[in-house]
Amino acid sequence: MRRFRRALGIIAVIAVLLAVPAPIQAQDRVTYTITEQEINAYRLPPSARRFVSAVNVDLQSGQAVVMAKVVNAGLTLNTVSVWQPIVSNGRLSWQAISATVEGVPLSAAQLAMLNSAARRAIEGAVRRYIDSRARGRYTVESVSITESELVVTVLLSR
């Protein structure tokens, strides 16, 4: 009878252990560093190269300054835009905080259009860089920009 009770006790303990939810996924924190040189070596997709050339990114503390020549209606225009990273709900996005075309600042409406159009291209480039290294699901925890590096810390889900 004792053996039977012990066996039942062991089975009960095992059942309790199995019923306790285990973490669904283990997580690892990883930091990716993208240098200004790597960013400037990035080749624009063919669809963008028709409209944009001579792109240069200057990393500065907390922001990225993008200088580019943009072709519009047969005109080649010199542009400068200043972008800041935003991390929200584990996703990295970018916001243009100012921009000029041929030295003339964009209006608020034009800046909103820039944020809607160009932001996706910047987000896509950074996401492809991380995707090619992370090889799995991740959430972005933080982003910092120094004079020479863009540092992205992600939480990998395994």
# chains A, B, ... in the order shown; residues from 1 in each chain; ligands from 1
>>> residues_around(residues="stretch 136-150 of chain A", least_positions_apart="3", cutoff="9 Å", atoms="only C-alpha atoms", output="PyMOL selection string")
chain A and resi 27+29+32-37+58-64+85-92+131+133+153-158
>>> atom_distance(atom1="atom CA of A:Val52", atom2="atom CA of A:Ala112")
19.1 Å
>>> closest_residue(among="A:Ser132, A:Leu106, A:Trp83, A:Val101", to="A:Arg119", atoms="only C-alpha atoms")
A:Trp83
>>> select_by_dssp(residues="chain A", states="helix (DSSP H, G or I)", output="PyMOL selection string")
chain A and resi 2-19+36-41+46-49+108-134
>>> write_last_selection(atoms="C-alpha atoms", output="compact mmCIF listing (two decimals), in the first residue's frame")
# COMPACT_ATOMS: atom_id res chain seq x y z
CA ARG A 2 2.87 2.39 0.81
CA ARG A 3 4.47 1.79 -2.57
CA PHE A 4 1.18 2.48 -4.27
CA ARG A 5 0.78 5.81 -2.38
CA ARG A 6 4.39 6.76 -3.18
CA ALA A 7 3.84 5.98 -6.84
CA LEU A 8 0.67 8.08 -6.83
CA GLY A 9 2.58 10.91 -5.11
CA ILE A 10 5.34 10.80 -7.72
CA ILE A 11 2.78 10.76 -10.52
CA ALA A 12 1.02 13.75 -8.91
CA VAL A 13 4.29 15.71 -8.71
CA ILE A 14 5.08 14.92 -12.36
CA ALA A 15 1.56 15.94 -13.38
CA VAL A 16 1.93 19.27 -11.56
CA LEU A 17 5.29 19.91 -13.20
CA LEU A 18 3.84 19.21 -16.61
CA ALA A 19 0.88 21.46 -15.95
CA GLU A 36 28.61 54.87 -41.34
CA GLN A 37 30.91 53.32 -43.95
CA GLU A 38 28.61 50.27 -44.30
CA ILE A 39 25.57 52.51 -44.64
CA ASN A 40 27.22 54.56 -47.37
CA ALA A 41 28.25 51.37 -49.22
CA PRO A 46 17.02 49.74 -58.95
CA SER A 47 13.59 51.34 -58.52
CA ALA A 48 15.09 54.03 -56.28
CA ARG A 49 18.23 54.60 -58.37
CA ALA A 108 5.05 70.84 -42.68
CA ALA A 109 2.86 69.20 -45.36
CA GLN A 110 5.88 68.36 -47.52
CA LEU A 111 7.74 66.97 -44.49
CA ALA A 112 4.71 64.77 -43.73
CA MET A 113 4.82 63.44 -47.31
CA LEU A 114 8.54 62.73 -46.95
CA ASN A 115 7.91 60.88 -43.71
CA SER A 116 5.27 58.79 -45.40
CA ALA A 117 7.32 57.94 -48.50
CA ALA A 118 11.03 57.80 -47.69
CA ARG A 119 10.66 56.40 -44.18
CA ARG A 120 9.58 53.02 -45.56
CA ALA A 121 12.76 52.76 -47.63
CA ILE A 122 14.98 53.52 -44.63
CA GLU A 123 13.05 51.13 -42.40
CA GLY A 124 13.25 48.42 -45.04
CA ALA A 125 17.02 48.76 -45.44
CA VAL A 126 17.67 48.50 -41.69
CA ARG A 127 15.15 45.64 -41.34
CA ARG A 128 16.82 43.67 -44.17
CA TYR A 129 20.21 44.17 -42.50
CA ILE A 130 18.94 42.80 -39.17
CA ASP A 131 16.85 40.04 -40.81
CA SER A 132 19.91 38.75 -42.66
CA ARG A 133 21.73 38.34 -39.34
CA ALA A 134 18.96 37.52 -36.84
>>> residues_around(residues="A:Asn72", least_positions_apart="6", cutoff="12 Å", atoms="only C-alpha atoms", output="list in words")
Arg50, Phe51, Val52, Ser53, Asn78, Thr79 and Val101 of chain A
>>> select_by_dssp(residues="stretch 14-151 of chain A", states="strand (DSSP E)", output="PyMOL selection string")
chain A and resi 27-35+52-60+63-72+75-88+91-101+104-105+137-145+149-151
>>> atom_distance(atom1="atom CA of A:Thr31", atom2="atom CA of A:Val152")
5.7 Å
>>> atom_distance(atom1="atom CA of A:Tyr42", atom2="atom CA of A:Met67")
14.1 Å
>>> closest_residue(among="A:Val82, A:Leu44, A:Asp28, A:Ala68", to="A:Glu102", atoms="only C-alpha atoms")
A:Ala68
